[in-house]
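my_file15.cif follows (mmCIF, C-alpha atoms):
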```cif
data_my_file
#
loop_
_atom_site.label_atom_id
_atom_site.label_comp_id
_atom_site.auth_asym_id
_atom_site.auth_seq_id
_atom_site.Cartn_x
_atom_site.Cartn_y
_atom_site.Cartn_z
CA MET J 1 -24.53 -11.11 0.59
CA ASN J 2 -23.19 -14.09 2.48
CA LEU J 3 -21.84 -14.42 5.98
CA PHE J 4 -18.27 -13.54 4.99
CA ASP J 5 -19.30 -10.28 3.32
CA ALA J 6 -21.49 -9.33 6.24
CA LEU J 7 -18.63 -10.00 8.65
CA THR J 8 -16.25 -7.92 6.53
CA ALA J 9 -18.66 -5.00 6.39
CA LEU J 10 -19.21 -5.16 10.14
CA LEU J 11 -15.45 -5.35 10.81
CA LEU J 12 -14.83 -2.36 8.54
CA VAL J 13 -17.22 -0.16 10.47
CA LEU J 14 -15.87 -1.45 13.77
CA LEU J 15 -12.26 -0.79 12.75
CA ALA J 16 -13.03 2.71 11.48
CA TRP J 17 -14.79 3.50 14.75
CA ARG J 18 -11.94 2.13 16.88
CA CYS J 19 -9.39 3.93 14.72
CA LEU J 20 -11.10 7.25 15.44
CA ILE J 21 -11.81 6.88 19.14
CA VAL J 22 -8.72 5.06 20.40
CA PRO J 23 -6.70 7.49 22.56
CA ASP J 24 -3.24 6.16 21.67
CA LEU J 25 -1.91 7.60 18.41
CA PHE J 26 0.20 4.52 17.65
CA ARG J 27 -2.74 2.16 18.03
CA SER J 28 -4.81 4.43 15.86
CA ILE J 29 -2.21 4.17 13.07
CA VAL J 30 -2.04 0.38 13.35
CA LEU J 31 -5.83 0.20 13.21
CA PHE J 32 -5.80 2.46 10.16
CA VAL J 33 -3.39 0.10 8.35
CA VAL J 34 -5.53 -2.91 9.27
CA PHE J 35 -8.57 -1.00 8.05
CA GLY J 36 -6.79 -0.37 4.73
CA LEU J 37 -5.96 -4.06 4.30
CA LEU J 38 -9.52 -5.09 5.07
CA LEU J 39 -10.78 -2.46 2.62
CA ALA J 40 -8.47 -3.97 -0.02
CA LEU J 41 -9.99 -7.37 0.72
CA THR J 42 -13.45 -5.84 0.33
CA TRP J 43 -12.57 -4.37 -3.07
CA ALA J 44 -11.24 -7.78 -4.13
CA ARG J 45 -14.55 -9.35 -3.03
CA LEU J 46 -16.41 -6.75 -5.10
CA ASP J 47 -14.46 -7.83 -8.20
CA ALA J 48 -12.44 -4.63 -8.33
CA PRO J 49 -8.84 -5.91 -8.18
CA ASP J 50 -7.47 -2.58 -9.44
CA LEU J 51 -8.90 -0.73 -6.47
CA ALA J 52 -7.82 -3.56 -4.16
CA LEU J 53 -4.22 -3.28 -5.37
CA ALA J 54 -4.24 0.51 -5.09
CA GLU J 55 -5.76 0.41 -1.62
CA ALA J 56 -3.29 -2.20 -0.36
CA ALA J 57 -0.24 -0.48 -1.88
CA ILE J 58 -1.08 3.18 -1.26
CA GLY J 59 -3.81 3.20 1.40
CA ALA J 60 -2.34 0.60 3.73
CA GLY J 61 1.31 0.48 2.65
CA VAL J 62 2.62 3.93 1.78
CA LEU J 63 0.19 5.87 3.99
CA GLY J 64 0.95 3.56 6.91
CA VAL J 65 4.68 4.16 6.49
CA LEU J 66 4.17 7.93 6.28
CA LEU J 67 1.95 7.95 9.37
CA LEU J 68 4.39 5.81 11.37
CA GLY J 69 7.26 8.06 10.30
CA THR J 70 5.33 11.13 11.41
CA TRP J 71 4.41 9.48 14.70
CA ARG J 72 8.05 8.75 15.28
CA ALA J 73 9.13 12.29 14.44
CA LEU J 74 6.61 13.59 16.98
CA GLY J 75 8.67 11.85 19.65
CA SER J 76 7.80 8.74 21.60
CA PRO J 77 7.31 10.50 24.98
CA ARG J 78 4.05 11.80 23.61
CA ARG J 79 2.58 8.40 23.00
CA GLY J 80 -0.58 7.78 24.96
CA GLU J 81 -0.85 11.48 25.73
CA THR J 82 -3.14 12.45 22.93
CA PRO J 83 -5.65 14.81 24.49
CA SER J 84 -9.26 13.79 24.30
CA SER J 85 -11.65 15.90 22.36
CA SER J 86 -12.34 19.18 24.12
CA LEU J 87 -15.44 20.02 22.14
CA PRO J 88 -18.53 20.80 24.21
CA ALA J 89 -21.08 18.01 24.37
CA GLY J 90 -23.73 19.96 22.47
CA LEU J 91 -21.42 20.52 19.52
CA ARG J 92 -20.52 16.84 19.45
CA VAL J 93 -24.15 15.77 19.38
CA LEU J 94 -24.79 18.30 16.63
CA SER J 95 -21.91 17.02 14.45
CA ALA J 96 -22.96 13.41 15.06
CA ALA J 97 -26.52 14.23 14.00
CA GLY J 98 -25.25 16.05 10.89
CA SER J 99 -23.04 13.11 9.92
CA ALA J 100 -25.90 10.69 10.45
CA VAL J 101 -28.20 12.76 8.22
CA LEU J 102 -25.51 12.95 5.51
CA ALA J 103 -24.89 9.19 5.69
CA GLY J 104 -28.62 8.53 5.50
CA ALA J 105 -29.02 10.85 2.50
CA LEU J 106 -26.08 9.20 0.72
CA ALA J 107 -27.45 5.72 1.38
CA TYR J 108 -30.87 6.83 0.10
CA GLY J 109 -29.34 8.40 -3.01
CA LEU J 110 -27.29 5.30 -3.69
CA HIS J 111 -30.39 3.19 -3.26
CA LEU J 112 -32.19 5.23 -5.92
CA LEU J 113 -29.42 4.83 -8.52
CA PRO J 114 -30.38 2.54 -11.37
CA GLY J 115 -28.10 -0.47 -11.46
CA THR J 116 -27.07 -0.67 -15.09
CA GLY J 117 -24.74 -3.41 -16.17
CA ASP J 118 -22.90 -1.23 -18.66
CA GLY J 119 -20.35 0.68 -16.68
CA ALA J 120 -17.60 2.91 -17.99
CA GLY J 121 -15.39 -0.16 -18.49
CA THR J 122 -17.70 -1.81 -21.01
CA LEU J 123 -18.08 1.48 -22.83
CA ALA J 124 -14.29 1.89 -22.92
CA LEU J 125 -13.78 -1.56 -24.39
CA GLU J 126 -16.42 -0.95 -27.02
CA THR J 127 -15.16 2.43 -28.17
CA LEU J 128 -11.46 1.69 -28.02
CA PRO J 129 -10.73 -1.00 -30.57
CA LEU J 130 -7.10 -1.25 -29.54
CA PRO J 131 -5.29 -4.46 -28.80
CA ALA J 132 -2.87 -2.58 -26.54
CA THR J 133 -5.52 -1.56 -24.03
CA GLY J 134 -7.50 -4.66 -23.29
CA GLN J 135 -7.77 -3.52 -19.69
CA PRO J 136 -10.89 -1.35 -19.22
CA VAL J 137 -9.71 0.40 -16.03
CA THR J 138 -6.48 1.63 -17.59
CA ALA J 139 -8.34 2.71 -20.72
CA VAL J 140 -10.85 4.67 -18.67
CA LEU J 141 -8.13 6.27 -16.54
CA LEU J 142 -5.95 7.35 -19.43
CA ASP J 143 -8.47 8.06 -22.15
CA PHE J 144 -11.85 9.01 -20.70
CA ARG J 145 -10.64 10.42 -17.45
CA SER J 146 -7.30 11.75 -18.60
CA TYR J 147 -7.89 15.13 -16.93
CA ASP J 148 -8.49 13.40 -13.59
CA THR J 149 -5.38 11.28 -13.86
CA LEU J 150 -3.24 14.21 -14.98
CA LEU J 151 -4.46 16.42 -12.16
CA GLU J 152 -3.99 13.62 -9.63
CA THR J 153 -0.35 13.23 -10.55
CA ALA J 154 0.09 17.00 -10.52
CA VAL J 155 -1.38 17.10 -7.00
CA LEU J 156 1.10 14.42 -5.95
CA LEU J 157 3.92 16.57 -7.34
CA MET J 158 2.62 19.59 -5.39
CA ALA J 159 2.53 17.45 -2.24
CA VAL J 160 6.20 16.57 -2.68
CA VAL J 161 7.13 20.24 -3.11
CA GLY J 162 5.06 21.07 -0.04
CA THR J 163 6.87 18.40 1.94
CA TRP J 164 10.22 19.84 1.00
CA LEU J 165 9.13 23.26 2.15
CA ALA J 166 7.22 22.39 5.29
CA ARG J 167 8.41 19.27 6.99
CA SER J 168 11.57 18.40 8.79
CA PRO J 169 13.09 15.28 7.31
CA LEU J 170 11.72 12.18 8.97
CA LEU J 171 14.72 10.05 8.25
CA ASP J 172 17.03 12.39 10.13
CA ALA J 173 14.96 11.75 13.22
CA LEU J 174 16.12 8.14 13.21
CA SER J 175 19.11 7.97 15.46
CA SER J 176 21.92 5.47 15.26
CA GLU J 177 20.32 3.81 18.29
CA ASP J 178 17.54 2.74 16.00
CA ALA J 179 16.68 -0.94 15.91
CA THR J 180 17.09 -1.20 12.16
CA ALA J 181 20.68 0.00 12.32
CA HIS J 182 23.54 -2.44 12.75
CA THR J 183 21.50 -5.59 12.59
CA PRO J 184 22.79 -8.38 10.37
CA VAL J 185 19.27 -9.23 9.23
CA MET J 186 18.43 -5.98 7.39
CA PRO J 187 21.01 -6.39 4.59
CA VAL J 188 19.75 -9.92 3.97
CA LEU J 189 16.17 -8.71 3.85
CA MET J 190 17.09 -5.92 1.45
CA ARG J 191 19.05 -8.22 -0.81
CA LEU J 192 16.10 -10.58 -0.96
CA PHE J 193 13.18 -8.15 -1.05
CA ALA J 194 14.40 -5.14 -3.02
CA PRO J 195 14.77 -7.04 -6.33
CA VAL J 196 11.45 -8.81 -5.78
CA LEU J 197 9.72 -5.47 -5.12
CA LEU J 198 11.30 -3.86 -8.16
CA VAL J 199 10.26 -6.71 -10.44
CA THR J 200 6.74 -6.79 -8.95
CA GLY J 201 6.35 -3.03 -9.35
CA ALA J 202 7.58 -3.07 -12.93
CA TYR J 203 5.29 -6.01 -13.67
CA LEU J 204 2.27 -4.19 -12.24
CA VAL J 205 2.95 -1.20 -14.50
CA TRP J 206 3.53 -3.39 -17.54
CA ALA J 207 0.52 -5.56 -16.82
CA GLY J 208 -1.67 -2.49 -16.37
CA ALA J 209 -2.50 -2.55 -20.07
CA TYR J 210 -3.82 -6.11 -19.98
CA THR J 211 -4.79 -7.07 -16.45
CA PRO J 212 -5.37 -5.25 -13.14
CA GLY J 213 -2.44 -3.05 -12.26
CA GLY J 214 -1.18 0.27 -13.50
CA ALA J 215 0.96 3.30 -12.86
CA PHE J 216 -0.31 4.07 -9.35
CA GLN J 217 -0.17 0.51 -8.05
CA GLY J 218 3.18 -0.28 -9.66
CA GLY J 219 4.61 3.08 -8.63
CA ALA J 220 3.63 2.45 -5.02
CA VAL J 221 5.38 -0.93 -5.00
CA LEU J 222 8.50 0.62 -6.55
CA ALA J 223 8.39 3.33 -3.88
CA ALA J 224 8.16 0.59 -1.24
CA ALA J 225 11.46 -0.82 -2.51
CA GLY J 226 12.97 2.64 -2.07
CA VAL J 227 11.55 2.95 1.46
CA LEU J 228 13.07 -0.42 2.35
CA LEU J 229 16.48 0.69 1.08
CA ALA J 230 16.17 4.00 2.94
CA LEU J 231 15.30 2.25 6.20
CA GLY J 232 18.24 -0.11 5.71
CA ARG J 233 20.60 2.83 5.20
CA ARG J 234 21.38 2.02 1.59
CA LEU J 235 19.59 5.08 0.30
CA GLY J 236 20.34 8.37 2.01
CA THR J 237 19.00 11.87 1.67
CA ALA J 238 20.77 14.77 0.06
CA PRO J 239 19.98 18.44 0.64
CA ASP J 240 19.65 19.17 -3.05
CA ALA J 241 17.99 17.32 -5.89
CA GLY J 242 20.10 16.71 -8.96
CA TRP J 243 18.79 17.58 -12.41
CA LEU J 244 18.14 13.92 -13.19
CA LEU J 245 15.94 13.43 -10.14
CA ARG J 246 13.99 16.63 -10.88
CA LEU J 247 13.52 15.56 -14.47
CA LEU J 248 12.25 12.09 -13.47
CA LEU J 249 9.89 13.65 -10.92
CA VAL J 250 8.11 15.81 -13.49
CA LEU J 251 8.60 13.45 -16.44
CA GLY J 252 5.21 11.75 -16.13
CA VAL J 253 3.25 15.01 -16.06
CA LEU J 254 5.40 16.52 -18.81
CA VAL J 255 4.92 13.56 -21.15
CA PHE J 256 1.21 13.49 -20.36
CA ILE J 257 0.73 17.19 -21.13
CA GLY J 258 3.19 17.05 -24.03
CA ALA J 259 1.36 14.21 -25.75
CA GLY J 260 -1.91 16.06 -25.29
CA LEU J 261 -0.57 19.39 -26.60
CA LEU J 262 1.52 18.09 -29.50
CA LEU J 263 -1.41 16.29 -31.04
CA MET J 264 -3.79 19.22 -30.58
CA PRO J 265 -3.34 20.66 -34.11
CA ALA J 266 -4.11 17.27 -35.64
CA GLN J 267 -6.97 16.30 -33.36
CA ASN J 268 -8.51 19.70 -32.56
CA ALA J 269 -8.81 18.78 -28.88
CA PHE J 270 -6.52 18.56 -25.88
CA MET J 271 -5.57 14.97 -25.10
CA ALA J 272 -7.31 13.46 -28.06
CA TYR J 273 -5.12 10.80 -29.63
CA PRO J 274 -5.36 9.39 -33.15
CA GLU J 275 -6.66 5.86 -33.05
CA ARG J 276 -3.56 4.26 -34.50
CA TRP J 277 -1.21 5.73 -31.92
CA ALA J 278 -3.46 5.78 -28.86
CA GLY J 279 -2.17 2.47 -27.51
CA LEU J 280 1.46 3.48 -27.85
CA ILE J 281 0.88 6.91 -26.32
CA MET J 282 -1.01 5.42 -23.40
CA HIS J 283 1.84 3.00 -22.72
CA LEU J 284 4.38 5.81 -22.84
CA VAL J 285 2.30 7.94 -20.46
CA GLU J 286 1.72 4.99 -18.15
CA TYR J 287 5.42 4.09 -17.84
CA THR J 288 6.65 7.64 -17.31
CA LEU J 289 3.84 8.29 -14.82
CA ALA J 290 4.85 5.19 -12.87
CA VAL J 291 8.45 6.43 -12.54
CA SER J 292 7.31 9.88 -11.40
CA ILE J 293 4.76 8.48 -8.96
CA ALA J 294 7.28 6.05 -7.45
CA LEU J 295 9.84 8.82 -6.91
CA SER J 296 7.21 11.23 -5.53
CA LEU J 297 5.99 8.70 -2.97
CA LEU J 298 9.56 7.84 -1.96
CA LEU J 299 10.46 11.51 -1.53
CA LEU J 300 7.31 12.04 0.55
CA PHE J 301 8.80 9.46 2.91
CA THR J 302 12.39 10.69 3.00
CA GLY J 303 11.29 14.31 3.16
CA ARG J 304 14.43 15.75 1.58
CA PRO J 305 14.82 16.96 -2.01
CA GLY J 306 17.73 14.73 -2.92
CA LEU J 307 18.63 11.09 -2.81
CA ARG J 308 22.03 9.47 -2.73
CA GLY J 309 23.16 5.89 -2.65
CA ILE J 310 25.20 4.62 0.29
CA SER J 311 27.62 1.83 -0.40
CA GLY J 312 28.83 -0.71 2.09
CA MET S 1 -7.75 -33.96 -3.54
CA THR S 2 -10.33 -31.36 -2.51
CA LEU S 3 -11.02 -33.21 0.73
CA LEU S 4 -7.30 -33.49 1.50
CA GLY S 5 -6.80 -29.80 0.73
CA SER S 6 -9.71 -28.83 2.98
CA LEU S 7 -8.29 -30.93 5.82
CA VAL S 8 -4.90 -29.26 5.42
CA ILE S 9 -6.54 -25.80 5.47
CA VAL S 10 -8.47 -26.65 8.64
CA ALA S 11 -5.22 -27.83 10.22
CA GLY S 12 -3.64 -24.51 9.20
CA LEU S 13 -6.53 -22.59 10.76
CA PHE S 14 -5.91 -24.49 14.00
CA PHE S 15 -2.33 -23.15 14.04
CA TYR S 16 -3.64 -19.62 13.45
CA LEU S 17 -6.03 -20.05 16.35
CA ALA S 18 -3.22 -21.33 18.58
CA GLY S 19 -0.99 -18.40 17.58
CA THR S 20 -3.74 -15.88 18.27
CA VAL S 21 -4.54 -17.40 21.64
CA GLY S 22 -0.82 -17.31 22.44
CA MET S 23 -0.57 -13.65 21.49
CA LEU S 24 -3.52 -12.78 23.71
CA ARG S 25 -2.57 -14.93 26.70
CA PHE S 26 1.23 -14.92 26.90
CA PRO S 27 2.72 -12.54 29.45
CA ASP S 28 5.50 -10.61 27.64
CA VAL S 29 6.54 -9.38 24.21
CA TYR S 30 9.05 -12.15 23.55
CA SER S 31 6.78 -15.11 24.12
CA ARG S 32 3.97 -13.34 22.25
CA LEU S 33 6.27 -12.85 19.27
CA HIS S 34 7.26 -16.47 19.53
CA ALA S 35 3.64 -17.61 19.44
CA VAL S 36 2.62 -15.37 16.56
CA THR S 37 5.54 -15.87 14.20
CA LYS S 38 6.02 -19.60 14.67
CA ALA S 39 2.39 -20.65 14.66
CA ASP S 40 1.26 -18.26 11.94
CA ASN S 41 4.09 -19.23 9.61
CA ILE S 42 3.03 -22.87 9.79
CA GLY S 43 -0.60 -21.81 9.52
CA LEU S 44 0.07 -19.82 6.36
CA GLY S 45 2.16 -22.66 4.95
CA LEU S 46 -0.64 -25.17 5.48
CA LEU S 47 -3.16 -22.70 4.07
CA CYS S 48 -1.06 -22.29 0.90
CA LEU S 49 -0.56 -26.06 0.64
CA GLY S 50 -4.30 -26.68 1.03
CA CYS S 51 -5.14 -24.08 -1.63
CA ALA S 52 -2.56 -25.60 -4.00
CA LEU S 53 -4.07 -29.07 -3.45
CA ILE S 54 -7.58 -27.80 -4.15
CA LEU S 55 -6.60 -25.71 -7.20
CA ARG S 56 -4.50 -28.54 -8.69
CA SER S 57 -2.18 -26.30 -10.66
CA TRP S 58 1.60 -26.36 -10.53
CA THR S 59 1.85 -22.70 -11.55
CA LEU S 60 -0.41 -21.57 -8.74
CA ALA S 61 1.34 -23.93 -6.31
CA ALA S 62 4.70 -22.34 -7.17
CA LEU S 63 3.24 -18.84 -6.75
CA LEU S 64 1.74 -19.78 -3.39
CA ALA S 65 5.12 -21.20 -2.33
CA VAL S 66 6.80 -17.90 -3.24
CA ILE S 67 4.16 -15.98 -1.27
CA TRP S 68 4.74 -18.22 1.72
CA LEU S 69 8.52 -17.81 1.55
CA LEU S 70 8.23 -14.01 1.32
CA ALA S 71 5.77 -13.87 4.21
CA VAL S 72 7.97 -16.11 6.36
CA THR S 73 11.03 -13.98 5.65
CA ALA S 74 9.18 -10.74 6.39
CA ALA S 75 7.71 -12.16 9.59
CA THR S 76 11.13 -13.38 10.75
CA VAL S 77 12.82 -10.04 10.18
CA GLY S 78 9.90 -8.15 11.72
CA CYS S 79 10.01 -10.41 14.77
CA HIS S 80 13.76 -9.92 15.07
CA LEU S 81 13.48 -6.12 14.87
CA ILE S 82 10.64 -5.90 17.41
CA ALA S 83 12.40 -8.22 19.85
CA ARG S 84 15.65 -6.32 19.44
CA ASN S 85 13.98 -2.97 20.02
CA ARG S 86 12.24 -4.32 23.11
CA LEU S 87 15.48 -5.80 24.45
CA ARG S 88 17.19 -2.43 24.08
CA GLN S 89 14.35 -0.71 25.89
CA ASP S 90 14.52 -3.22 28.73
CA GLN S 91 18.28 -2.82 29.01
CA GLY S 92 17.96 0.93 28.90
CA VAL S 93 15.53 0.93 31.80
CA GLU S 94 17.71 -1.22 34.05
#
```

Represent the structure contained in this file as structure tokens.
Amino acid sequence: MNLFDALTALLLVLLAWRCLIVPDLFRSIVLFVVFGLLLALTWARLDAPDLALAEAAIGAGVLGVLLLGTWRALGSPRRGETPSSSLPAGLRVLSAAGSAVLAGALAYGLHLLPGTGDGAGTLALETLPLPATGQPVTAVLLDFRSYDTLLETAVLLMAVVGTWLARSPLLDALSSEDATAHTPVMPVLMRLFAPVLLVTGAYLVWAGAYTPGGAFQGGAVLAAAGVLLALGRRLGTAPDAGWLLRLLLVLGVLVFIGAGLLLMPAQNAFMAYPERWAGLIMHLVEYTLAVSIALSLLLLFTGRPGLRGISG
Amino acid sequence: MTLLGSLVIVAGLFFYLAGTVGMLRFPDVYSRLHAVTKADNIGLGLLCLGCALILRSWTLAALLAVIWLLAVTAATVGCHLIARNRLRQDQGVE
């Protein structure tokens, strides 16, 4: 561990602490985003570029946008008025002590773990003799941990449905007095950035089979392009989702489950793929998942079931 | 080449330092924005140039140039939007 790593670790703890105790909600959100970026840097330092990409795109990017949107919908008069914790001092000390014990136990447990060089990635590369999945992380996600990945995307879908039911649309809270409206710079930015984001997102999904990247990372970047267009008033909300949008939203999960079920008679197990077709099936699942994830994240931001393009 | 690249990176870090000092010391939003966006853009540019010189690869140099251009564009638009918002707030108060 060199000086840089030590500094990063120290900064992470410091940022997390500041993020929790700072009284202003807006500052807390900004600190959270900075924390996410630093965490991405940490993952990159630990030779985990997949996690770094996911953390930067989802943890810092999409979550930051959602938090800022929520902060805005709460109304700016409330800024700086966040009440301080009203818990009695005894309870606070008790929770602090409990957290400290848990952290200590976790650190001790982690210390006891044997550090084997053969992780799941090596195992995946050894047991999957497929040229199409030279990337261990994607292979692990889609083949060994397919239940996890499937359930994760299903949870994301549930979150979108919950948003439709529970939350008032964030975008409608933006008035025409908003700074992003009627500025000559936004269209230029959109024209320049939206294609770049789309290409980058598509590349991340495509590259997921060979190098770090994948459906979640690529989907998040694609969703970012949508958020940009929505902020620049090129993408509006509609009260009702069309059949195409609904289909694309559930497509990833449907294809995932469908591939698992259809091959069940031949393989005698759910989500077991024949060796010859595994690469192809994984690609298909990965691409459809990316589309569904991108749309889900975008709809979490806009908060309305439908989308419509705005010309002009 | 490595020495030259290192020198360029150190020069870039100086601009970052100047921009950060400006952001901390300048009195209002506009001059702070000025300090951060101008100085940091040059700082990032020099940083990218230094890395390209050290890595000695045209592909990576082109990629770094694209990164710099995107960052500069994003910083410019962000600066514009923040300044505009602030200006409206100031006008609204008066």

Checklist entry - So how many Å separate atom CA of J:Arg246 and atom CA of J:Thr288, to one decimal? => result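 That distance, rounded to one decimal, is 13.3 Å.
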
Next on the checklist: Please report the interatomic distance between atom CA of J:Ala241 and atom CA of J:Leu307 in Å with one decimal.
Outcome noted: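 Straight-line distance from atom CA of J:Ala241 to atom CA of J:Leu307 works out to 7.0 Å.
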
Item to check | Neighbours of chain J in chain S at 7 Å, counting all atoms listed in the file, as an MDAnalysis selection string | outcome: chainID S and resid 77 81 84:85

What lies within 10 Å of S:Tyr30 using all atoms listed in the file, ignoring chain neighbours under 6 positions off, as an mmCIF file with C-alpha atoms, in the coordinates of the input?
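In the end it all went to out_8.cif:
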```cif
data_model
loop_
_atom_site.group_PDB
_atom_site.id
_atom_site.type_symbol
_atom_site.label_atom_id
_atom_site.label_comp_id
_atom_site.auth_asym_id
_atom_site.auth_seq_id
_atom_site.Cartn_x
_atom_site.Cartn_y
_atom_site.Cartn_z
ATOM 1 C CA MET S 23 -0.570 -13.650 21.490
ATOM 2 C CA CYS S 79 10.010 -10.410 14.770
ATOM 3 C CA HIS S 80 13.760 -9.920 15.070
ATOM 4 C CA ILE S 82 10.640 -5.900 17.410
ATOM 5 C CA ALA S 83 12.400 -8.220 19.850
ATOM 6 C CA ARG S 84 15.650 -6.320 19.440
ATOM 7 C CA ARG S 86 12.240 -4.320 23.110
ATOM 8 C CA LEU S 87 15.480 -5.800 24.450
#
```

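Distance-wise, atom CA of S:Val36 and atom CA of J:Trp17 end up 25.7 Å apart.
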
Next on the checklist: Expand the PyMOL selection byres ((chain S and resi 53) around 12) into the explicit residue set it covers here, and present it as a PyMOL selection string.
Outcome noted: chain S and resi 1-9+46-52+54-62+64

Long-range neighbours of stretch 26-33 of chain J as a PDB file with C-alpha atoms, in the frame of the given file, 6 Å cut-off, all atoms listed in the file, 4 positions minimum in chain:
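Written output follows (result-v5.pdb):
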```pdb
ATOM      1  CA  CYS J  19      -9.390   3.930  14.720  1.00  0.00           C
ATOM      2  CA  ALA J  60      -2.340   0.600   3.730  1.00  0.00           C
ATOM      3  CA  GLY J  64       0.950   3.560   6.910  1.00  0.00           C
TER       4      GLY J  64
END
```

Item to check | Test item: residues at most 7 Å from S:Tyr16, all atoms listed in the file, excluding those fewer than 5 positions along its chain, as a ChimeraX atom specification | outcome: /S:39-40,43

Checklist entry - Using the chain letters and numbers from the file, which residues does the PyMOL selection byres ((chain J and resi 251) around 12) grab, as an MDAnalysis selection string? => result chainID J and resid 150 153:154 157 243:250 252:259 284:296

For the selection you just gave me, I'd like the residues written to a file as an mmCIF file, in the frame of the given file, keeping C-alpha atoms.
```
data_model
loop_
_atom_site.group_PDB
_atom_site.id
_atom_site.type_symbol
_atom_site.label_atom_id
_atom_site.label_comp_id
_atom_site.auth_asym_id
_atom_site.auth_seq_id
_atom_site.Cartn_x
_atom_site.Cartn_y
_atom_site.Cartn_z
ATOM 1 C CA LEU J 150 -3.240 14.210 -14.980
ATOM 2 C CA THR J 153 -0.350 13.230 -10.550
ATOM 3 C CA ALA J 154 0.090 17.000 -10.520
ATOM 4 C CA LEU J 157 3.920 16.570 -7.340
ATOM 5 C CA TRP J 243 18.790 17.580 -12.410
ATOM 6 C CA LEU J 244 18.140 13.920 -13.190
ATOM 7 C CA LEU J 245 15.940 13.430 -10.140
ATOM 8 C CA ARG J 246 13.990 16.630 -10.880
ATOM 9 C CA LEU J 247 13.520 15.560 -14.470
ATOM 10 C CA LEU J 248 12.250 12.090 -13.470
ATOM 11 C CA LEU J 249 9.890 13.650 -10.920
ATOM 12 C CA VAL J 250 8.110 15.810 -13.490
ATOM 13 C CA GLY J 252 5.210 11.750 -16.130
ATOM 14 C CA VAL J 253 3.250 15.010 -16.060
ATOM 15 C CA LEU J 254 5.400 16.520 -18.810
ATOM 16 C CA VAL J 255 4.920 13.560 -21.150
ATOM 17 C CA PHE J 256 1.210 13.490 -20.360
ATOM 18 C CA ILE J 257 0.730 17.190 -21.130
ATOM 19 C CA GLY J 258 3.190 17.050 -24.030
ATOM 20 C CA ALA J 259 1.360 14.210 -25.750
ATOM 21 C CA LEU J 284 4.380 5.810 -22.840
ATOM 22 C CA VAL J 285 2.300 7.940 -20.460
ATOM 23 C CA GLU J 286 1.720 4.990 -18.150
ATOM 24 C CA TYR J 287 5.420 4.090 -17.840
ATOM 25 C CA THR J 288 6.650 7.640 -17.310
ATOM 26 C CA LEU J 289 3.840 8.290 -14.820
ATOM 27 C CA ALA J 290 4.850 5.190 -12.870
ATOM 28 C CA VAL J 291 8.450 6.430 -12.540
ATOM 29 C CA SER J 292 7.310 9.880 -11.400
ATOM 30 C CA ILE J 293 4.760 8.480 -8.960
ATOM 31 C CA ALA J 294 7.280 6.050 -7.450
ATOM 32 C CA LEU J 295 9.840 8.820 -6.910
ATOM 33 C CA SER J 296 7.210 11.230 -5.530
#
```
